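Printed here is protein.txt (compact mmCIF, C-alpha atoms):
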# COMPACT_ATOMS: atom_id res chain seq x y z
CA MET A 9 46.59 3.29 -0.33
CA ILE A 10 43.95 1.54 -2.43
CA ALA A 11 42.11 3.78 -4.90
CA ILE A 12 38.41 3.05 -5.41
CA VAL A 13 37.65 4.75 -8.71
CA ASP A 14 34.56 6.94 -8.57
CA TYR A 15 33.12 7.61 -12.03
CA GLN A 16 29.52 8.18 -10.93
CA ALA A 17 28.46 4.62 -11.66
CA GLY A 18 26.62 3.39 -8.64
CA ASN A 19 27.03 2.69 -5.01
CA ILE A 20 30.65 2.28 -3.94
CA GLY A 21 30.51 3.12 -0.26
CA SER A 22 30.00 -0.52 0.62
CA ILE A 23 33.37 -1.44 -0.92
CA GLN A 24 35.12 1.07 1.28
CA ASN A 25 33.17 -0.16 4.30
CA MET A 26 34.49 -3.66 3.75
CA LEU A 27 38.06 -2.44 3.22
CA LYS A 28 37.75 -0.58 6.53
CA LYS A 29 36.88 -3.85 8.23
CA LEU A 30 40.05 -5.28 6.67
CA ASP A 31 42.07 -2.37 8.09
CA ALA A 32 43.08 -1.50 4.54
CA GLU A 33 43.54 2.18 3.78
CA SER A 34 41.47 3.30 0.82
CA THR A 35 40.15 6.40 -0.83
CA ILE A 36 37.19 6.97 -3.11
CA THR A 37 38.49 9.19 -5.88
CA SER A 38 37.88 10.55 -9.36
CA ASP A 39 41.28 12.28 -9.45
CA PRO A 40 43.66 10.68 -12.02
CA ASP A 41 46.69 11.69 -9.91
CA VAL A 42 45.38 9.87 -6.86
CA VAL A 43 44.69 6.78 -8.96
CA ARG A 44 48.23 7.02 -10.38
CA LYS A 45 49.83 6.92 -6.92
CA ALA A 46 47.67 4.08 -5.55
CA SER A 47 49.23 0.75 -4.56
CA LYS A 48 46.13 -1.09 -5.79
CA ILE A 49 43.11 0.00 -7.79
CA ILE A 50 39.47 -1.07 -7.55
CA LEU A 51 37.21 -0.29 -10.51
CA PRO A 52 33.62 -0.77 -9.30
CA GLY A 53 30.36 0.18 -10.93
CA VAL A 54 26.83 -0.68 -11.89
CA GLY A 55 24.98 0.73 -14.86
CA ALA A 56 25.29 0.93 -18.62
CA PHE A 57 28.49 0.01 -20.49
CA ASP A 58 28.79 3.08 -22.73
CA PHE A 59 28.03 5.37 -19.79
CA GLY A 60 30.95 3.81 -17.90
CA VAL A 61 33.36 4.01 -20.84
CA SER A 62 32.48 7.68 -21.44
CA LYS A 63 32.72 8.68 -17.79
CA LEU A 64 36.17 7.08 -17.39
CA LYS A 65 37.38 8.87 -20.48
CA SER A 66 35.94 12.31 -19.66
CA SER A 67 37.39 12.24 -16.16
CA GLY A 68 40.84 11.46 -17.57
CA ILE A 69 41.05 8.12 -15.77
CA THR A 70 41.21 5.83 -18.81
CA GLU A 71 44.82 6.79 -19.61
CA VAL A 72 45.96 6.38 -16.02
CA LEU A 73 44.31 2.96 -15.85
CA HIS A 74 46.19 1.81 -18.97
CA GLU A 75 49.43 3.21 -17.56
CA ARG A 76 49.05 1.51 -14.15
CA LYS A 77 47.93 -1.76 -15.69
CA THR A 78 51.09 -1.82 -17.81
CA ALA A 79 53.19 -0.87 -14.79
CA GLY A 80 51.89 -3.91 -12.93
CA THR A 81 49.62 -2.29 -10.32
CA PRO A 82 47.01 -4.84 -9.17
CA VAL A 83 43.57 -3.85 -10.45
CA LEU A 84 40.25 -5.37 -9.38
CA GLY A 85 37.15 -4.78 -11.51
CA ILE A 86 33.73 -5.40 -9.98
CA CYS A 87 30.53 -5.95 -12.01
CA LEU A 88 30.44 -3.16 -14.64
CA GLY A 89 34.08 -2.45 -13.72
CA ALA A 90 34.98 -6.00 -14.80
CA GLN A 91 32.94 -5.70 -17.99
CA LEU A 92 34.72 -2.44 -18.87
CA MET A 93 38.00 -4.38 -18.93
CA CYS A 94 36.67 -6.50 -21.83
CA LEU A 95 36.85 -5.81 -25.57
CA ASP A 96 33.25 -4.75 -26.10
CA SER A 97 29.66 -5.23 -24.97
CA GLN A 98 26.34 -5.95 -26.63
CA GLU A 99 24.96 -3.30 -24.29
CA GLY A 100 26.78 -0.51 -26.11
CA VAL A 101 28.83 0.52 -29.11
CA LEU A 102 31.98 1.93 -27.48
CA PRO A 103 35.09 -0.24 -27.09
CA GLY A 104 36.11 -1.39 -23.60
CA LEU A 105 39.61 -1.17 -22.10
CA GLY A 106 40.52 -4.39 -23.92
CA TRP A 107 42.62 -5.82 -21.08
CA VAL A 108 41.08 -9.24 -21.42
CA GLN A 109 40.15 -11.04 -24.62
CA ALA A 110 36.50 -11.24 -23.70
CA ASN A 111 33.10 -10.08 -24.92
CA VAL A 112 30.10 -8.97 -22.88
CA ILE A 113 26.88 -10.63 -24.02
CA LYS A 114 23.16 -10.31 -23.19
CA PHE A 115 21.63 -13.25 -21.32
CA PRO A 116 19.18 -15.25 -23.42
CA PHE A 117 15.84 -15.41 -21.64
CA HIS A 118 14.85 -18.79 -23.05
CA VAL A 119 17.15 -21.78 -23.26
CA GLY A 120 15.20 -24.64 -24.82
CA GLU A 121 11.96 -24.94 -22.90
CA ARG A 122 13.33 -23.36 -19.75
CA LYS A 123 13.03 -19.75 -18.66
CA PHE A 124 15.85 -17.83 -17.03
CA PRO A 125 14.64 -14.50 -15.64
CA VAL A 126 16.90 -11.54 -16.46
CA PRO A 127 18.49 -9.76 -14.62
CA HIS A 128 20.36 -12.69 -13.08
CA ILE A 129 19.80 -11.69 -9.45
CA GLY A 130 20.81 -13.61 -6.37
CA TRP A 131 23.40 -15.79 -4.70
CA ASP A 132 25.25 -18.38 -6.70
CA ARG A 133 28.09 -20.80 -6.21
CA VAL A 134 31.08 -20.49 -8.58
CA SER A 135 33.18 -23.24 -10.19
CA PRO A 136 36.94 -22.75 -10.27
CA ALA A 137 38.57 -22.80 -13.71
CA LYS A 138 42.11 -22.20 -12.36
CA THR A 139 43.75 -21.64 -9.00
CA SER A 140 44.27 -18.16 -7.65
CA CYS A 141 45.30 -16.59 -4.36
CA LEU A 142 42.00 -14.71 -4.48
CA PHE A 143 40.22 -17.89 -3.45
CA ASP A 144 42.66 -18.85 -0.68
CA ASN A 145 40.86 -19.96 2.50
CA MET A 146 37.52 -19.77 0.71
CA PRO A 147 34.96 -22.09 2.32
CA ASP A 148 33.62 -24.89 0.11
CA ASP A 149 30.09 -23.57 0.36
CA ALA A 150 31.05 -20.06 -0.78
CA ARG A 151 28.35 -18.18 -2.67
CA PHE A 152 28.42 -14.72 -4.14
CA TYR A 153 25.79 -12.09 -4.90
CA PHE A 154 25.11 -11.38 -8.57
CA VAL A 155 22.96 -8.76 -10.21
CA HIS A 156 23.47 -8.30 -13.96
CA SER A 157 21.78 -8.64 -17.36
CA PHE A 158 24.96 -9.08 -19.42
CA TYR A 159 27.66 -11.70 -18.90
CA ILE A 160 31.38 -11.99 -19.67
CA LYS A 161 32.69 -14.66 -22.00
CA CYS A 162 36.48 -15.04 -22.27
CA ARG A 163 37.99 -16.06 -25.58
CA ARG A 164 41.04 -17.61 -23.96
CA GLU A 165 40.57 -20.58 -21.65
CA SER A 166 43.61 -19.53 -19.58
CA ASP A 167 42.00 -16.20 -18.56
CA ARG A 168 39.02 -17.85 -16.88
CA LEU A 169 39.13 -17.79 -13.09
CA VAL A 170 35.67 -19.03 -12.10
CA THR A 171 32.62 -19.92 -14.16
CA ASN A 172 28.86 -20.16 -13.65
CA THR A 173 25.88 -21.60 -15.43
CA TYR A 174 22.61 -19.74 -15.89
CA GLY A 175 21.00 -21.26 -18.93
CA ILE A 176 24.33 -20.80 -20.65
CA SER A 177 27.80 -20.99 -19.12
CA PHE A 178 29.63 -17.74 -18.49
CA ASP A 179 32.80 -16.49 -16.87
CA SER A 180 32.01 -14.98 -13.48
CA ALA A 181 35.64 -13.94 -12.96
CA PHE A 182 38.83 -13.65 -15.00
CA GLU A 183 42.45 -13.13 -14.03
CA VAL A 184 45.12 -11.89 -16.45
CA GLU A 185 48.47 -11.08 -14.86
CA ASN A 186 47.86 -8.12 -12.49
CA VAL A 187 44.23 -7.69 -13.51
CA VAL A 188 41.24 -9.48 -12.05
CA GLY A 189 37.57 -8.92 -12.80
CA VAL A 190 34.60 -10.35 -10.92
CA GLN A 191 31.01 -10.19 -12.15
CA PHE A 192 29.57 -10.69 -8.67
CA HIS A 193 29.66 -8.19 -5.81
CA PRO A 194 32.22 -9.23 -3.15
CA GLU A 195 31.25 -6.15 -1.12
CA LYS A 196 27.69 -7.55 -0.85
CA SER A 197 28.65 -11.21 -0.42
CA HIS A 198 29.03 -11.30 3.34
CA LYS A 199 31.93 -13.41 4.69
CA PHE A 200 32.75 -14.94 1.28
CA GLY A 201 33.18 -11.54 -0.33
CA PHE A 202 35.15 -10.46 2.72
CA THR A 203 37.58 -13.36 2.19
CA LEU A 204 38.03 -12.51 -1.48
CA LEU A 205 38.68 -8.83 -0.79
CA LYS A 206 41.08 -9.76 2.00
CA ASN A 207 43.00 -11.94 -0.46
CA PHE A 208 43.11 -9.09 -2.97
CA VAL A 209 44.39 -6.69 -0.32
CA ASP A 210 46.92 -9.04 1.29
CA ASN A 211 48.15 -11.34 -1.46
CA PHE A 212 47.25 -10.27 -4.98
CA MET B 70 22.39 -22.87 -10.09
CA LEU B 71 20.97 -19.63 -8.79
CA THR B 72 19.57 -19.98 -5.30
CA LYS B 73 16.10 -18.96 -4.15
CA ARG B 74 16.26 -15.94 -1.88
CA ILE B 75 14.85 -15.47 1.62
CA ILE B 76 14.16 -11.81 2.41
CA PRO B 77 13.12 -10.46 5.83
CA CYS B 78 11.24 -7.17 5.62
CA LEU B 79 11.50 -4.44 8.26
CA ASP B 80 9.01 -1.60 8.60
CA ILE B 81 10.67 1.61 9.74
CA LYS B 82 9.13 4.66 11.35
CA ASP B 83 11.21 7.56 12.61
CA GLY B 84 14.38 5.49 12.42
CA ARG B 85 13.02 2.53 14.41
CA THR B 86 11.66 -0.88 13.51
CA VAL B 87 7.94 -1.03 14.08
CA LYS B 88 5.39 -3.83 13.93
CA GLY B 89 6.02 -6.25 16.71
CA VAL B 90 9.54 -7.48 16.93
CA ASN B 91 10.38 -10.18 19.39
CA PHE B 92 13.82 -11.29 18.49
CA VAL B 93 16.14 -13.23 20.70
CA ASN B 94 19.65 -12.01 21.46
CA ILE B 95 18.94 -8.50 20.29
CA ARG B 96 19.63 -5.89 22.89
CA ASP B 97 17.34 -3.38 21.27
CA ALA B 98 14.66 -4.88 19.10
CA GLY B 99 13.78 -1.50 17.67
CA ASP B 100 17.17 -0.86 16.13
CA PRO B 101 16.95 -1.68 12.39
CA VAL B 102 20.74 -1.87 12.02
CA GLU B 103 21.10 -4.41 14.77
CA LEU B 104 18.15 -6.45 13.60
CA GLY B 105 19.36 -6.34 9.98
CA SER B 106 22.87 -7.43 11.00
CA ALA B 107 21.44 -10.35 12.92
CA TYR B 108 19.43 -11.47 9.89
CA ALA B 109 22.50 -11.15 7.66
CA GLN B 110 24.48 -13.24 10.14
CA GLN B 111 21.77 -15.90 10.12
CA GLY B 112 21.86 -16.22 6.34
CA ALA B 113 19.21 -13.83 5.01
CA ASP B 114 19.91 -13.28 1.31
CA GLU B 115 18.70 -9.71 1.17
CA LEU B 116 16.82 -7.26 3.36
CA VAL B 117 13.99 -4.86 2.65
CA PHE B 118 13.52 -1.69 4.72
CA LEU B 119 10.17 0.02 4.21
CA ASP B 120 9.82 3.58 5.37
CA ILE B 121 6.28 3.98 6.72
CA SER B 122 6.90 7.51 8.03
CA ALA B 123 4.16 10.03 7.61
CA THR B 124 6.11 13.28 7.82
CA ASN B 125 9.02 14.82 5.96
CA GLU B 126 10.94 15.14 9.21
CA GLU B 127 10.77 11.38 9.70
CA ARG B 128 11.82 10.79 6.10
CA LYS B 129 15.06 12.65 6.71
CA THR B 130 15.77 10.26 9.56
CA PHE B 131 15.28 7.40 7.11
CA ALA B 132 17.99 8.63 4.71
CA SER B 133 20.53 8.85 7.50
CA LEU B 134 19.44 5.43 8.73
CA VAL B 135 20.12 3.99 5.26
CA ARG B 136 23.69 5.28 5.53
CA ASP B 137 24.06 3.54 8.86
CA ILE B 138 22.60 0.30 7.53
CA ALA B 139 25.01 0.32 4.58
CA LYS B 140 27.93 0.76 6.95
CA HIS B 141 27.05 -2.33 8.96
CA ILE B 142 25.29 -4.75 6.65
CA ASN B 143 27.22 -6.48 3.88
CA ILE B 144 24.37 -8.13 2.02
CA PRO B 145 22.16 -6.39 -0.54
CA PHE B 146 19.24 -4.32 0.68
CA THR B 147 16.23 -2.62 -0.85
CA VAL B 148 14.57 0.49 0.54
CA GLY B 149 11.10 1.73 -0.22
CA GLY B 150 8.18 3.78 0.99
CA GLY B 151 7.07 7.16 -0.30
CA ILE B 152 9.31 7.24 -3.37
CA SER B 153 7.63 9.33 -6.04
CA ALA B 154 10.42 10.97 -8.07
CA VAL B 155 13.94 10.44 -9.39
CA ALA B 156 15.08 13.03 -6.86
CA ASP B 157 13.86 10.81 -3.99
CA VAL B 158 16.01 7.90 -5.13
CA ALA B 159 19.44 9.41 -5.70
CA PRO B 160 20.06 10.20 -1.99
CA LEU B 161 19.01 6.69 -0.97
CA LEU B 162 21.37 5.01 -3.44
CA GLU B 163 24.10 7.44 -2.52
CA ALA B 164 23.56 6.50 1.11
CA GLY B 165 24.25 2.90 0.17
CA ALA B 166 20.97 1.20 -0.74
CA ASP B 167 21.25 -1.33 -3.57
CA LYS B 168 17.69 -1.18 -4.83
CA VAL B 169 14.56 0.90 -4.33
CA SER B 170 10.97 -0.23 -4.47
CA VAL B 171 8.11 1.86 -5.81
CA ASN B 172 4.42 1.19 -5.34
CA SER B 173 1.57 3.75 -5.20
CA ALA B 174 3.48 6.50 -7.00
CA ALA B 175 4.12 4.21 -9.98
CA VAL B 176 0.40 3.39 -10.20
CA ARG B 177 -0.38 7.12 -10.25
CA ASN B 178 2.43 7.87 -12.69
CA PRO B 179 3.65 4.76 -14.56
CA GLY B 180 6.28 6.86 -16.40
CA LEU B 181 8.13 7.00 -13.08
CA ILE B 182 9.32 3.42 -13.69
CA ASP B 183 10.83 4.41 -17.06
CA GLU B 184 12.53 7.43 -15.51
CA LEU B 185 13.99 5.50 -12.59
CA SER B 186 15.13 2.64 -14.78
CA LYS B 187 16.83 4.99 -17.20
CA ALA B 188 18.52 6.93 -14.43
CA PHE B 189 19.68 4.05 -12.23
CA GLY B 190 19.35 0.82 -14.24
CA ALA B 191 16.65 -1.87 -14.17
CA GLN B 192 18.64 -3.91 -11.64
CA CYS B 193 17.89 -1.44 -8.88
CA ILE B 194 14.17 -0.84 -9.51
CA VAL B 195 11.69 -3.12 -7.75
CA LEU B 196 8.03 -2.63 -8.62
CA ALA B 197 5.98 -3.52 -5.54
CA ILE B 198 2.37 -4.48 -6.29
CA ASP B 199 -0.32 -5.02 -3.66
CA ALA B 200 -3.32 -6.86 -5.04
CA ARG B 201 -6.43 -8.69 -3.89
CA ARG B 202 -9.21 -10.55 -5.64
CA VAL B 203 -12.23 -8.44 -6.51
CA ASP B 204 -14.94 -10.28 -8.47
CA ASP B 205 -12.44 -12.98 -9.31
CA GLN B 206 -9.97 -10.47 -10.78
CA TRP B 207 -6.61 -9.75 -9.12
CA THR B 208 -6.98 -5.99 -8.65
CA VAL B 209 -4.12 -3.65 -7.78
CA HIS B 210 -4.54 -1.64 -4.57
CA THR B 211 -2.56 1.31 -3.27
CA HIS B 212 -2.06 3.04 0.07
CA GLY B 213 -1.22 -0.10 1.95
CA GLY B 214 -4.00 -2.03 0.25
CA LYS B 215 -6.74 0.43 1.21
CA LYS B 216 -7.51 1.95 -2.19
CA ALA B 217 -8.66 -0.15 -5.15
CA THR B 218 -7.42 0.96 -8.56
CA GLU B 219 -8.43 0.26 -12.15
CA LYS B 220 -5.30 -1.77 -12.72
CA LYS B 221 -5.19 -5.56 -12.89
CA LEU B 222 -2.23 -7.42 -11.42
CA PHE B 223 -0.99 -9.32 -14.47
CA GLU B 224 -1.29 -6.45 -16.94
CA TRP B 225 0.33 -4.04 -14.51
CA ALA B 226 3.23 -6.40 -13.76
CA LYS B 227 3.86 -6.88 -17.47
CA GLU B 228 3.67 -3.13 -18.07
CA GLY B 229 6.10 -2.56 -15.18
CA GLN B 230 8.55 -5.01 -16.73
CA ASP B 231 8.24 -3.36 -20.14
CA ARG B 232 8.81 0.05 -18.59
CA GLY B 233 12.06 -1.14 -17.03
CA ALA B 234 11.43 -2.64 -13.58
CA GLY B 235 14.07 -5.24 -12.66
CA GLU B 236 11.92 -7.26 -10.25
CA ILE B 237 8.28 -7.56 -9.20
CA LEU B 238 7.46 -7.75 -5.49
CA PHE B 239 3.92 -9.15 -5.38
CA THR B 240 1.98 -8.99 -2.11
CA SER B 241 -1.39 -10.70 -1.94
CA MET B 242 -3.56 -8.61 0.36
CA ASP B 243 -5.86 -11.63 0.65
CA HIS B 244 -3.04 -13.65 2.18
CA ASP B 245 -1.07 -10.98 4.04
CA GLY B 246 -1.32 -11.48 7.78
CA THR B 247 -3.30 -14.73 7.49
CA LYS B 248 -0.28 -17.04 7.92
CA SER B 249 -2.06 -19.46 5.62
CA GLY B 250 0.57 -19.62 2.91
CA PHE B 251 1.54 -17.58 -0.15
CA ALA B 252 -0.81 -16.92 -3.09
CA ILE B 253 0.45 -19.75 -5.29
CA ASP B 254 -1.73 -19.40 -8.40
CA PRO B 255 -1.08 -15.73 -9.18
CA LEU B 256 2.62 -16.29 -8.45
CA ALA B 257 2.79 -19.10 -11.01
CA ARG B 258 0.91 -16.97 -13.51
CA LEU B 259 3.31 -14.03 -12.96
CA ASN B 260 6.24 -16.35 -13.50
CA ALA B 261 4.68 -17.57 -16.75
CA ILE B 262 4.12 -14.13 -18.25
CA LEU B 263 7.20 -12.26 -16.98
CA SER B 264 10.88 -12.46 -17.85
CA ILE B 265 12.09 -10.69 -14.68
CA PRO B 266 12.35 -12.24 -11.19
CA VAL B 267 9.28 -12.33 -8.92
CA ILE B 268 9.39 -11.94 -5.13
CA ALA B 269 6.49 -13.56 -3.26
CA SER B 270 5.04 -11.74 -0.27
CA GLY B 271 2.08 -12.14 2.07
CA GLY B 272 0.90 -15.21 3.92
CA ALA B 273 4.04 -16.89 5.24
CA GLY B 274 3.13 -18.78 8.42
CA ASN B 275 5.48 -21.74 8.52
CA LYS B 276 8.42 -23.36 6.76
CA GLU B 277 6.21 -25.46 4.48
CA HIS B 278 4.63 -22.36 2.96
CA PHE B 279 7.95 -21.43 1.38
CA ILE B 280 7.99 -24.70 -0.56
CA GLY B 281 4.70 -23.72 -2.18
CA ALA B 282 6.00 -20.30 -3.15
CA PHE B 283 9.16 -21.73 -4.70
CA LYS B 284 7.99 -25.03 -6.20
CA GLU B 285 4.44 -24.42 -7.41
CA GLY B 286 4.53 -20.61 -7.38
CA LYS B 287 7.97 -20.67 -9.05
CA ALA B 288 8.91 -17.46 -7.20
CA ASP B 289 12.56 -16.41 -7.29
CA ALA B 290 12.47 -15.05 -3.77
CA ALA B 291 10.13 -14.98 -0.77
CA LEU B 292 9.64 -12.13 1.64
CA ALA B 293 8.25 -12.26 5.15
CA ALA B 294 8.21 -10.06 8.23
CA SER B 295 6.51 -11.12 11.43
CA ILE B 296 7.37 -14.83 11.34
CA PHE B 297 11.04 -13.84 11.33
CA HIS B 298 10.67 -10.98 13.83
CA PHE B 299 8.85 -13.19 16.30
CA GLY B 300 11.19 -16.10 15.75
CA GLU B 301 8.35 -18.41 14.70
CA VAL B 302 10.49 -19.42 11.75
CA LYS B 303 14.24 -19.10 12.14
CA ILE B 304 16.23 -18.46 8.99
CA PRO B 305 18.93 -21.14 9.47
CA GLU B 306 16.26 -23.79 10.16
CA LEU B 307 14.14 -22.62 7.24
CA LYS B 308 17.13 -22.83 4.94
CA SER B 309 18.20 -26.30 5.98
CA PHE B 310 14.57 -27.46 5.71
CA LEU B 311 14.29 -26.10 2.15
CA LYS B 312 17.60 -27.73 1.23
CA GLN B 313 16.19 -31.08 2.35
CA GLN B 314 13.25 -30.42 0.02
CA ALA B 315 15.69 -30.09 -2.88
CA ILE B 316 15.15 -26.34 -3.20
CA HIS B 317 18.34 -24.48 -4.08
CA ILE B 318 19.16 -22.27 -1.15
CA ARG B 319 22.34 -20.49 -0.19
Rewrite the coordinates I just gave you, this time as C-alpha cells.
Amino acid sequence: MIAIVDYQAGNIGSIQNMLKKLDAESTITSDPDVVRKASKIILPGVGAFDFGVSKLKSSGITEVLHERKTAGTPVLGICLGAQLMCLDSQEGVLPGLGWVQANVIKFPFHVGERKFPVPHIGWDRVSPAKTSCLFDNMPDDARFYFVHSFYIKCRRESDRLVTNTYGISFDSAFEVENVVGVQFHPEKSHKFGFTLLKNFVDNF
Amino acid sequence: MLTKRIIPCLDIKDGRTVKGVNFVNIRDAGDPVELGSAYAQQGADELVFLDISATNEERKTFASLVRDIAKHINIPFTVGGGISAVADVAPLLEAGADKVSVNSAAVRNPGLIDELSKAFGAQCIVLAIDARRVDDQWTVHTHGGKKATEKKLFEWAKEGQDRGAGEILFTSMDHDGTKSGFAIDPLARLNAILSIPVIASGGAGNKEHFIGAFKEGKADAALAASIFHFGEVKIPELKSFLKQQAIHIR
C-alpha cells in the first residue's frame, strides 16, 4: 500500500488517479499510523513552505516521515513535497526536513536583459545529471509540467537527478538513497509522468 | 527552455460542451470529459473549462463534472465562470481543478484576488480580462464583454498581478470571433509591464496567427476554442508547424 500524505496542501486526487491506472494500491491519508505501515510514501503538495512544515508537524506526520526515511522506505516528494525535504526555503523561516543538502530559492525575474515570468508555469524538458531507474523507458522527448515560484538548488553534485534552466539553472529533481524529490508534477505530465510514477511504483 | 502552451477552451452548460463542436472521432461531441481527453491525447498543454451556466442547479452539475474531468484527464486544467468568493473555489480545487479563473467578480471586488491568492497560492489564480478599444483606450468589459467598466486593461492587469494573480488571460473582444489573428500590440505591452505569464485569447483563425501571438506578442500561452472544436486547426499539426518556426513547443 502506497500512502499519499494528505496535509491539506492542495489537490492530490490526481496522484491517486494515476496510481489507479498503474494498478497500484494507494490511500490518501493524514493518519501517522497508516503512513508508518505503508510500503512507499508520496509527499505531494502545493502552497507555502511554512504552511506545509507546520501542517506536517501538527498532524504528527513529521516524526513518522523521519522514522520511515531512516528505515529505508522509498519516499517521493512532489513540488512543495520535494521542497519540504530540503534544508530551508526563502519562502519561509521554518526549517525543512533536511533530507537533502539543498536550499529553496526565489526565481529572479530579470537575468541580464531578459525577463523570465514567475511563476515558472508550463512544460519543460529536463536534463539528466545522473542515471536513475525513475527515468527507465522514458522517451527522449519527455517533458514535464511545472508550476512554481521557488526552485531547489542542491549543494552536493551527487544528489542532482535532473536539472533545468530558466534564467538560472536549478535542480528539477534530486535522489538521495531512498528519497526522491521532483519539482514538476508527474501526475499532470501525461504519459511522461505516468512512466515516472510507474518506475517509482515498480522499481524504486 | 520553457515551452509555449496551447490551450483549448471548452464552454460548459449544464454539464455539456456548448458552442458548436464538430470534432472527429468523438462519439459524443457534447461530453466535456471525452473532448478534453482527446485534446490531451493530441498534445494540448492545458485545458480551460468555462462554466456558462445561469442557474445554481446547473452550477452543482459543474462541480461534479470537474471531479469527472480530473479522474480522466492527466494534464493541468483551469476552471472558471461565476466565481465570486473563496467559498466557490475550494470545492472546485478539491474536485481536482488545478487553477481557477476569475473575471467580472474581481472587477467588482478587486480584493477577491488577494483573498484567493492568500488562500490557494498565486499559481492557481488566473485573472481573466476581457477588453476592447474604446476611444483608443483598451477598456475592461465584464459580463461576456457586454458591460464597459472604468478600468483600463494595462492598469488592471498590473493591479491584478500586484494583488496576487499568477497569470493573466487576456481576451480582446475586438478580435474574438473574427478569426483575424490575436491582438498583438496589447499582448506585447502586457508582456513588457508584467512579471507573470500572459495567455493570449481571441482571434485565432489559422496556424500562422499563433506565431504572431508568441513571437511579436510574446505571449506565454495561446487559447482558442472554435478552431480546435471544428478541426480547422488540429493540435498536432499546429505544434509541428510552430516547431518549424523555431517556437519552443512541447
TODO: Please return, as an MDAnalysis selection string, all residues of chain A lying within 10 Å of chain B when all atoms listed in the file are considered.
DONE: chainID A and resid 17:26 28:29 54:56 117:118 123:134 149:157 172:175 193:199 201:202
Counting all atoms listed in the file, select every polymer residue within 8 Å of (40.1, -12.2, -12.9) as defined in the file's coordinates, and provide the selection as a tab-separated table (two decimals) with C-alpha atoms, in the frame of the given file.
chain	number	residue	atom	x	y	z
A	84	LEU	CA	40.25	-5.37	-9.38
A	167	ASP	CA	42.00	-16.20	-18.56
A	168	ARG	CA	39.02	-17.85	-16.88
A	169	LEU	CA	39.13	-17.79	-13.09
A	181	ALA	CA	35.64	-13.94	-12.96
A	182	PHE	CA	38.83	-13.65	-15.00
A	183	GLU	CA	42.45	-13.13	-14.03
A	184	VAL	CA	45.12	-11.89	-16.45
A	187	VAL	CA	44.23	-7.69	-13.51
A	188	VAL	CA	41.24	-9.48	-12.05
A	189	GLY	CA	37.57	-8.92	-12.80
A	190	VAL	CA	34.60	-10.35	-10.92
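A straight line drawn from CA of Trp107 in chain A to CA of Asp14 in chain A is 19.6 Å long.
Shortest separation to Leu27 in chain A among A:Ile10, A:Asn211, A:Lys63, A:Asn186 occurs at residue A:Ile10, atoms counted being all atoms listed in the file.
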As lines of an AutoDock Vina configuration file: centre and edge lengths in Å, one decimal, of the axis-aligned box holding range 63-70 of chain A with 6 Å per side:
center_x = 37.0
center_y = 9.1
center_z = -18.1
size_x = 20.5
size_y = 18.5
size_z = 16.7
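Among B:Thr218, B:Thr211, B:Ser270, B:Asn275, the residue with the shortest atom-to-atom distance to Phe297 in chain B, counting all atoms listed in the file, is B:Asn275.
With CA of Thr147 in chain B on one side and CA of Leu238 in chain B on the other, the separation reads 11.2 Å.
The residue that comes closest to Thr208 in chain B, out of B:Asp254, B:Glu306, B:Asp243, B:Glu301 and on the basis of only C-alpha atoms, is B:Asp243.
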Open item on the list: Quick one: residues within 9 Å of range 221-233 of chain B, only C-alpha atoms, excluding same-chain residues fewer than 2 positions away - as a VMD selection string?
Closed with: chain B and resid 175 to 176 179 to 187 190 to 192 194 196 198 to 201 206 to 209 218 to 219 235 to 237 239 255 258 to 259 262 to 265
- [ ] Just give me the gap between CA of Gly150 in chain B and CA of Asp120 in chain B in Å, one decimal is fine.
- [x] 4.7 Å
Rebuild range 125-136 of chain A so that it carries N, CA and C atoms, then output the result as an mmCIF file, in the coordinates of the input.
data_model
loop_
_atom_site.group_PDB
_atom_site.id
_atom_site.type_symbol
_atom_site.label_atom_id
_atom_site.label_comp_id
_atom_site.auth_asym_id
_atom_site.auth_seq_id
_atom_site.Cartn_x
_atom_site.Cartn_y
_atom_site.Cartn_z
ATOM 1 N N PRO A 125 14.939 -15.932 -15.807
ATOM 2 C CA PRO A 125 14.640 -14.500 -15.640
ATOM 3 C C PRO A 125 15.906 -13.640 -15.681
ATOM 4 N N VAL A 126 15.797 -12.497 -16.349
ATOM 5 C CA VAL A 126 16.900 -11.540 -16.460
ATOM 6 C C VAL A 126 16.397 -10.219 -15.897
ATOM 7 N N PRO A 127 17.111 -9.508 -15.038
ATOM 8 C CA PRO A 127 18.490 -9.760 -14.620
ATOM 9 C C PRO A 127 18.688 -11.067 -13.827
ATOM 10 N N HIS A 128 19.902 -11.587 -13.914
ATOM 11 C CA HIS A 128 20.360 -12.690 -13.080
ATOM 12 C C HIS A 128 20.630 -12.096 -11.707
ATOM 13 N N ILE A 129 19.688 -12.302 -10.777
ATOM 14 C CA ILE A 129 19.800 -11.690 -9.450
ATOM 15 C C ILE A 129 19.849 -12.771 -8.396
ATOM 16 N N GLY A 130 20.811 -12.710 -7.520
ATOM 17 C CA GLY A 130 20.810 -13.610 -6.370
ATOM 18 C C GLY A 130 22.180 -14.203 -6.082
ATOM 19 N N TRP A 131 22.158 -15.178 -5.184
ATOM 20 C CA TRP A 131 23.400 -15.790 -4.700
ATOM 21 C C TRP A 131 23.681 -17.050 -5.489
ATOM 22 N N ASP A 132 24.904 -17.205 -5.925
ATOM 23 C CA ASP A 132 25.250 -18.380 -6.700
ATOM 24 C C ASP A 132 26.648 -18.858 -6.321
ATOM 25 N N ARG A 133 26.814 -20.171 -6.404
ATOM 26 C CA ARG A 133 28.090 -20.800 -6.210
ATOM 27 C C ARG A 133 28.936 -20.569 -7.472
ATOM 28 N N VAL A 134 30.244 -20.615 -7.384
ATOM 29 C CA VAL A 134 31.080 -20.490 -8.580
ATOM 30 C C VAL A 134 31.967 -21.726 -8.719
ATOM 31 N N SER A 135 32.305 -22.089 -9.962
ATOM 32 C CA SER A 135 33.180 -23.240 -10.190
ATOM 33 C C SER A 135 34.556 -22.757 -10.602
ATOM 34 N N PRO A 136 35.598 -23.216 -9.915
ATOM 35 C CA PRO A 136 36.940 -22.750 -10.270
ATOM 36 C C PRO A 136 37.389 -23.271 -11.633
#
